[in-house]
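Participant: Let me give you the structure first, and then I'll get to my questions.
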Amino acid sequence: MIGIGNSFRRDDGIGPATVATIESLHLPGVSVVVTDGEATRLLDAFAGADLAVVVDAMRGEPPEPGRIHCGHGAPTTGGGNTHGVGVAAAIGLAEALGRAPQRVVLLGAEVENTDIGVGLSDPVLAAIPELRRLILVELGG
């Protein structure tokens with residue numbers, strides 16, 4: 001379980017906030033990593049995982065803050081995460097090195113505000129219960 005983001009950039013903190021709700025469940029065999037999305041740090045987070053569920057903030061066209069996107073493998077949702085090519089590059093690099101998890105699930109919530117500050121906007125905060133539900137489905141629980 002990987003939460004990408006920066007909790008000091010408002011809605012960019014959706015990844016860390018969401019995975020914290022999973023971490024609080026203390027599920028056996030589930031490890032939680034929070035990272036900024038840089039490709040080599042994601043590669044480290046993938047190490048030894050059969051399944052990687054990645055939660056990140058993203059932008060959509062047209063924008064709809066709080067809208068959730070789900071994909072498997074490289075991002076193909078039509079929107080872009082807020083960390084450039086980090087996730088796609090990490091997946092590609094992990095595959096090239098034979099270190100990719102068997103499955104990668106990407107979950108994203110569209111953002112409203114990524115200015116400096118703390119706290120998620122209301123529509124992004126409201127997406128957490130559904131993101132959590134989707135994560136638990138992927139984890140088989």
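A note on labels: chains of the structure tokens are A, B, ... as shown, every chain counts residues from 1, and ligands are counted from 1 in their shown order.
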Can you pull out every residue within 7 Å of Arg9 in chain A, counting only C-alpha atoms, but drop anything in the same chain fewer than 5 positions away, and send it as a list in words?

Facilitator: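 Counting only the stated atoms, we get Thr114, Asp115, Ile116, Gly117 and Val118 of chain A.
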
Participant: Need to verify the contact set: Ala127 in chain A, 10 Å, only C-alpha atoms, exclusion of same-chain residues closer than 2 positions in sequence. Can you return it as a list in words?

Facilitator: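 Here the qualifying residues turn out to be Ile14, Thr18, Pro65, Gly66, Arg67, Ile68, Gly108, Ala109, Glu110, Asp122, Pro123, Val124, Leu125, Pro129, Glu130, Leu131 and Arg132 of chain A.
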
Participant: Point out the residue among A:Gly71, A:Gly92, A:Gly3, A:Gly15 with the least atom-to-atom distance to Thr40 in chain A, counting only C-alpha atoms.

Facilitator: A:Gly92

Participant: Between A:Val19, A:Ser24, A:Ala126, A:Val111, which residue has the minimum interatomic distance to Val54 in chain A, considering only C-alpha atoms?

Facilitator: A:Val19

Participant: If DSSP is run on the backbone, what residues of range 5-51 of chain A are helix (DSSP H, G or I)? A reply as a list in words would be ideal.

Facilitator: Arg10, Asp11, Asp12, Gly13, Ile14, Gly15, Pro16, Ala17, Thr18, Val19, Ala20, Thr21, Ile22, Glu23, Ala39, Thr40, Arg41, Leu42, Leu43, Asp44, Ala45 and Phe46 of chain A

Participant: Which residue is closest to Leu43 in chain A? Choose from A:Ala88, A:Ile22, A:Val105, A:Met58 and count only C-alpha atoms.

Facilitator: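 The closest residue to Leu43 in chain A is A:Ala88.
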
Participant: Provide the CA of Pro16 in chain A to CA of Ala49 in chain A distance in Å, to one decimal place.

Facilitator: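 Separation between CA of Pro16 in chain A and CA of Ala49 in chain A: 18.8 Å.
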
Participant: Using only C-alpha atoms, find the one residue out of A:Glu95, A:Glu138, A:Glu38, A:Glu112 that sits nearest to Arg59 in chain A.

Facilitator: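 Counting only C-alpha atoms, the residue closest to Arg59 in chain A is A:Glu112.
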
Participant: Using the chain letters and numbers from this document, which residues of range 39-127 of chain A does DSSP assign to strand (DSSP E or B), as a PyMOL selection string?

Facilitator: chain A and resi 51-59+68-72+80-81+103-110+117

Participant: Quick one: write out the picked residues with N, CA, C and O atoms as a short mmCIF file (atom, residue, chain, number, x, y, z; two decimals), in the first residue's frame?

Facilitator:
```
data_model
loop_
_atom_site.label_atom_id
_atom_site.label_comp_id
_atom_site.auth_asym_id
_atom_site.auth_seq_id
_atom_site.Cartn_x
_atom_site.Cartn_y
_atom_site.Cartn_z
N LEU A 51 1.43 -7.39 -4.75
CA LEU A 51 0.40 -6.41 -5.09
C LEU A 51 0.83 -5.06 -4.54
O LEU A 51 1.19 -4.96 -3.37
N ALA A 52 0.78 -4.05 -5.38
CA ALA A 52 1.02 -2.68 -4.94
C ALA A 52 -0.23 -1.86 -5.25
O ALA A 52 -0.63 -1.77 -6.41
N VAL A 53 -0.84 -1.33 -4.23
CA VAL A 53 -1.97 -0.41 -4.41
C VAL A 53 -1.41 0.99 -4.15
O VAL A 53 -0.91 1.27 -3.06
N VAL A 54 -1.48 1.84 -5.16
CA VAL A 54 -0.90 3.17 -5.11
C VAL A 54 -2.04 4.19 -5.11
O VAL A 54 -2.90 4.15 -5.99
N VAL A 55 -2.03 5.09 -4.13
CA VAL A 55 -3.05 6.13 -4.04
C VAL A 55 -2.38 7.48 -4.21
O VAL A 55 -1.41 7.79 -3.52
N ASP A 56 -2.91 8.29 -5.13
CA ASP A 56 -2.28 9.56 -5.46
C ASP A 56 -3.33 10.60 -5.81
O ASP A 56 -4.46 10.27 -6.20
N ALA A 57 -2.91 11.85 -5.69
CA ALA A 57 -3.72 12.97 -6.17
C ALA A 57 -3.55 13.08 -7.67
O ALA A 57 -2.51 12.71 -8.21
N MET A 58 -4.57 13.57 -8.35
CA MET A 58 -4.45 13.72 -9.79
C MET A 58 -5.31 14.87 -10.29
O MET A 58 -6.16 15.39 -9.56
N ARG A 59 -5.06 15.24 -11.50
CA ARG A 59 -5.84 16.28 -12.16
C ARG A 59 -6.64 15.63 -13.28
O ARG A 59 -6.17 14.68 -13.90
N ILE A 68 -12.93 9.87 -8.48
CA ILE A 68 -11.95 8.80 -8.30
C ILE A 68 -11.69 8.10 -9.63
O ILE A 68 -12.62 7.86 -10.41
N HIS A 69 -10.43 7.79 -9.86
CA HIS A 69 -10.00 7.03 -11.03
C HIS A 69 -9.31 5.77 -10.54
O HIS A 69 -8.61 5.78 -9.54
N CYS A 70 -9.50 4.69 -11.27
CA CYS A 70 -8.88 3.42 -10.91
C CYS A 70 -8.29 2.81 -12.17
O CYS A 70 -8.91 2.84 -13.23
N GLY A 71 -7.07 2.31 -12.03
CA GLY A 71 -6.42 1.67 -13.17
C GLY A 71 -5.48 0.60 -12.69
O GLY A 71 -5.13 0.52 -11.52
N HIS A 72 -5.07 -0.23 -13.62
CA HIS A 72 -4.12 -1.31 -13.33
C HIS A 72 -2.95 -1.13 -14.28
O HIS A 72 -3.14 -0.94 -15.47
N GLY A 80 -3.74 13.31 -15.05
CA GLY A 80 -2.34 13.17 -14.70
C GLY A 80 -2.17 13.30 -13.21
O GLY A 80 -2.87 14.08 -12.58
N ASN A 81 -1.23 12.53 -12.64
CA ASN A 81 -1.01 12.71 -11.22
C ASN A 81 -0.28 14.03 -11.01
O ASN A 81 0.15 14.67 -11.95
N ARG A 103 0.92 -7.36 -9.55
CA ARG A 103 -0.20 -6.45 -9.89
C ARG A 103 0.05 -5.09 -9.28
O ARG A 103 0.49 -4.99 -8.13
N VAL A 104 -0.25 -4.05 -10.06
CA VAL A 104 -0.21 -2.68 -9.57
C VAL A 104 -1.59 -2.08 -9.81
O VAL A 104 -2.10 -2.12 -10.93
N VAL A 105 -2.18 -1.56 -8.75
CA VAL A 105 -3.48 -0.91 -8.85
C VAL A 105 -3.27 0.56 -8.50
O VAL A 105 -2.71 0.88 -7.46
N LEU A 106 -3.70 1.42 -9.41
CA LEU A 106 -3.56 2.86 -9.20
C LEU A 106 -4.93 3.46 -8.89
O LEU A 106 -5.88 3.28 -9.66
N LEU A 107 -5.00 4.14 -7.76
CA LEU A 107 -6.21 4.84 -7.37
C LEU A 107 -5.87 6.32 -7.25
O LEU A 107 -4.89 6.68 -6.59
N GLY A 108 -6.66 7.15 -7.87
CA GLY A 108 -6.42 8.59 -7.80
C GLY A 108 -7.69 9.33 -7.51
O GLY A 108 -8.78 8.90 -7.90
N ALA A 109 -7.54 10.43 -6.81
CA ALA A 109 -8.67 11.34 -6.57
C ALA A 109 -8.28 12.69 -7.15
O ALA A 109 -7.18 13.19 -6.90
N GLU A 110 -9.18 13.26 -7.93
CA GLU A 110 -8.91 14.58 -8.51
C GLU A 110 -8.89 15.63 -7.41
O GLU A 110 -9.67 15.59 -6.47
N GLY A 117 -0.25 24.50 2.43
CA GLY A 117 -1.19 24.53 3.55
C GLY A 117 -1.58 23.11 3.91
O GLY A 117 -1.22 22.16 3.21
#
```

Participant: Would you please work out which residue, of A:Asp12, A:Ile91, A:Thr21, A:Leu27, is nearest to Asp44 in chain A when using only C-alpha atoms?

Facilitator: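 Between A:Asp12, A:Ile91, A:Thr21, A:Leu27, the residue approaching Asp44 in chain A most closely is A:Ile91.
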
Participant: Find the residue from A:Pro62, A:Leu93, A:Ser31, A:Leu136 that sits nearest to Ala45 in chain A; use only C-alpha atoms when measuring.

Facilitator: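 Going through A:Pro62, A:Leu93, A:Ser31, A:Leu136 one by one, the smallest distance to Ala45 in chain A is for A:Ser31.
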